[in-house]
Structure formats: C-alpha cells, structure tokens
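Enquirer: Questions regarding the structure given below will be posed in turn.
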Amino acid sequence: MPILKNRAVLRWLVPVTAGVAVIGGGAAVGTFAAGAQPALPPRTAAELLNDLRTSRLEGLSGTVVQRADLGLPPIAGLAGAATGNELATLLTGTHTLRVWYGGPDRQRLALVDTLGEQDLLHNGRDVWTWSSRTNTASHRTLPAGEATVPSAPATPVDAAEQALAAIDPSTAVTVGRSARVAGRDAYELVLSPRDADSLVHQVRIALDAKEHVPLRFVVLADGADRPAFEVAFTQVDFRTPDADQFRFNPPPGVKVTEEPGVKAGENPAAGERGPAGKHDPDLDRRPDGRDLRTVGTGWTTVVVARLDAAGPAGGPKGDANSAAPGADAVAQVLGGLPKVSGDWGSGRLLTGKLFSVLLTDDGRVLAGMVTPERLYQVARG
C-alpha cells in the first residue's frame, strides 16, 4: 500500500498533565555508523517528495535504534510508571526495537532492554500488548473497519509521515547529502521550518534510493549543535514477514486483561491532523472526555487541552491519581517547574530542546514544538 496512506497517528502515551506531546523517538546523529557517501544520480527535492509519496510498502522487518536528547526533566519515565506503559520510556534514553510490518492491519513492535521485553501486536481487529517483566498481557478488539494500533511512531516511516504533514509554504525543502544507512544507499531530504516560533531547526530524512522508504529520521533543535532526536534502521528487510509473526501466543502463566474496544467513529489520536496540517474538527474531543483542540498549522501547531480532572499546575488532584504508581513523583516534578505569569494568566512552564508545555492555574495545558512566547499568545486568546 502507499506509505502515506498508512496513517501514522500522534498518540498520547503519557497523561497530558505530564506535559509532553510526542512526535517520535530519537537518537543523537553520528551514533549510527555510516559508510562513505554513495554516488547516486541527482534528484531534486520535488522528485524525492514524489518518490516518497508514491512509493508502495508491502512489508518489512528490521531493527530500529532510538535515542532521545530532548533536554526534559525525567518526567517521561515517571509518567510511564504512573500509567504502567513501558512504551512511554521511548521518550527518553536509548532503545532498541524490532519491528515487523505486514500491511495496514498487521504490525508488531518489540521493545527490548536489559530487564525484559514489551511487545505490541496488531493483527486485524486484535491488538495485544505483553510485558515479560510481569508476564501480563492485555487484549483489545478494534471495531469493524478500524485499523489503528496504539503505538508511538517507532520507525523512520512513521516519523516521516508526521513531518510531511507539516509541509506548507512555511517549510523550505532541499536535498542534503547522500548516505549509507542500514547498509543501503539513501538520498537525504531536508525540511527547514521558516517560522521563527518553531523550535525545530531542521528535519532530515534519509530515503532508500531503491525502495523510497525512510531509513533514518533526524530532528535538529534550533540553536543546538547536536540533534535532539533520531530514529534509524540499523538493519532492514523489505520482504513481507510471515503471518505467524503477528499472532500472539500467550506464554505459560500469563495474566490476560480484556480491555474495552474503541467505539466506531472514535479515534484515540484526538487532535490528529491530516495532510498539509489540515485539522479534522471531529477529533476535538478525546474518547476519555477531556477537551482537546489545536491552534495553528504545521510546525507551530499548539495543542490545547482542558482537563476536568486536573488540579492546579502543581500536579493532579484526586485520590485515584495520587494512588497510581509514580503519580506522586510526577506531581513533585510538576510542582518544581518555574512559575510564569502574564496577561494570559499564571501557571508553570516546562521547556525542552523541541517542546514547550504550559500548565495554567485555571486547568489548561498547552503544548507544542514552539517557543514559550507562542504558548503565551495562544493562552491569551
């Protein structure tokens, strides 16, 4: 199927109150070995974009390395503990993942570390997650006709889809240097936001010279010498994986939890944006009832949420939140954020190399890959 028809969605893997909105995983550039620059036939930026948009990906498997350097406090790991979702740890540190893609309704992701493994499998209407640490699994049935899987953008393909959705007249698109990635020749497509409110300096996408599939995705923050994130294949095979790779075989003694499926018409990726940053108004409310909207387009889009269950910017309120593992630590980190105020109100500010998050005292959360001044402007409106 065409790569860009396989909709990669922006997922909320940690609570909005944790102050993190995710576009992808990452790693510092230069950590993946690269061979000599290959001699490839010249291609213009327009030709490379067309290659990417018209390429067809029937299947692949491979190993992906991610390493994040977002300059954020250790809030992502704490939020992962609070939600019990090990995949939330993709927001920080170094990670190795195995990925399998067998079409729009079959994907598998395995996050492997020194303490164990967490798998996410999507096979038709069935979505399974499994943790080797606790030998627990959860199962959810998607409604008929729905084929979305709740995962972070774990590959360069996923991340590139999200970045390309932001291309508009505010983006300069050029061709970078050719490279060798995962043993394959690749062109480089460079996206440079022109809007000064964006914290993104450049996005660099290494595109397989033969298959036209993204092999590496790098984001450089404005004013930083080292990239804030990269996700790259270190090994890739473009053959379609065997169907058995997408079947969940419960290990002995596993405890399985059945989770409610998403109702038809609902989308867990509330606030998702379509091609060229066009907003779908039907996605302004999350299935859990929290109000969510977006302001702006492209690189300077700001996500605005009002959480009925959220207390002041000092942290969540309510016994249920406080009882969650790691919730006290999250609240402590939030309470230590710098206080800010203006004609928009008052609250606390979380800043990183690529993200700014404003938690207002009146219960709003504003987040984006933008400067704090942009958040204040939106909060004022």
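Residue numbering restarts at 1 for every chain of the structure tokens, chains are lettered A, B, ... in their displayed order, and ligands are numbered from 1 as they appear.
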So that I can see what lies close to region 200-210 of chain A, please list as number ranges by chain the residues with an atom at most 9 Å from it, counting only C-alpha atoms and leaving out residues fewer than 2 positions away in the same chain.

Expert: A: 40, 48, 52, 156, 160, 163, 176, 178-181, 184-194, 197-198, 212-224, 232, 299, 353-354, 369-370

Enquirer: Could you pull the residues within 8 Å of Trp128 (chain A), counting only C-alpha atoms, minus those fewer than 6 positions along the same chain, as a ChimeraX atom specification?

Expert: /A:119-122,137-140,248

Enquirer: For Asp237 (chain A), which residue out of A:Ala68, A:Ala196, A:Ala182, A:Val256 is the nearest one, using only C-alpha atoms?

Expert: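 Result for the nearest residue to Asp237 (chain A): A:Ala182.
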
Enquirer: Between CA of Lys255 (chain A) and CA of Pro241 (chain A), measure the distance and give it in Å to one decimal.

Expert: 27.6 Å

Enquirer: State, in Å with one decimal place, the distance from CA of Arg306 (chain A) to CA of Leu292 (chain A).

Expert: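 Taking CA of Arg306 (chain A) as the start and CA of Leu292 (chain A) as the end point, the length is 6.7 Å.
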
Enquirer: Smallest atom-to-atom distance to Ala305 (chain A): which of A:Gly345, A:Gly363, A:Pro251, A:Gly336, using only C-alpha atoms?

Expert: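 Counting only C-alpha atoms, the residue closest to Ala305 (chain A) is A:Gly363.
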
Enquirer: I need the residue nearest Arg247 (chain A) from this list: A:Asn50, A:Ser55, A:Thr129, A:Ser341. Use only C-alpha atoms for the distance.

Expert: A:Thr129

Enquirer: Any idea what's packed within 10 Å of Leu115 (chain A), counting only C-alpha atoms, ignoring anything in its chain fewer than 2 positions away? Could you give it as a PyMOL selection string?

Expert: chain A and resi 112-113+117+132-133

Enquirer: Can you tell me, as number ranges by chain, what residues are no more than 8 Å from Gly347 (chain A) when counting only C-alpha atoms, ignoring any on the same chain fewer than 2 positions away?

Expert: A: 312-313, 339-341, 345, 349, 358-361

Enquirer: Measuring between only C-alpha atoms, which one of A:Gln245, A:Ala172, A:Glu373, A:Asp69 shows the shortest distance to Phe229 (chain A)?

Expert: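 Among the listed residues, A:Asp69 lies closest to Phe229 (chain A).
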
Enquirer: One decimal, in Å: what's the spacing between CA of Asp158 (chain A) and CA of Tyr101 (chain A)?

Expert: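 Here the two named atoms are 11.6 Å from each other.
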
Enquirer: Select, from A:Phe238, A:Arg98, A:Thr134, A:Asp225, the residue with the minimum atom-to-atom distance to Leu57 (chain A), counting only C-alpha atoms.

Expert: A:Phe238

Enquirer: Give me, as a list in words, all polymer residues having an atom no more than 6 Å from Thr294 (chain A), counting only C-alpha atoms and skipping those fewer than 3 positions away in the same chain.

Expert: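 Counting only C-alpha atoms, the residues come to Val302, Val303 and Val304 of chain A.
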
Enquirer: Using only C-alpha atoms for the distances, tell me which of A:Arg177, A:Arg364, A:His95, A:Arg67 is nearest to Glu230 (chain A).

Expert: A:Arg67

Enquirer: I'd like the neighbourhood of Gln377 (chain A) as number ranges by chain, where a residue qualifies if any of its atoms comes within 10 Å (using only C-alpha atoms), though same-chain residues fewer than 5 positions away should be ignored.

Expert: A: 343-344, 372
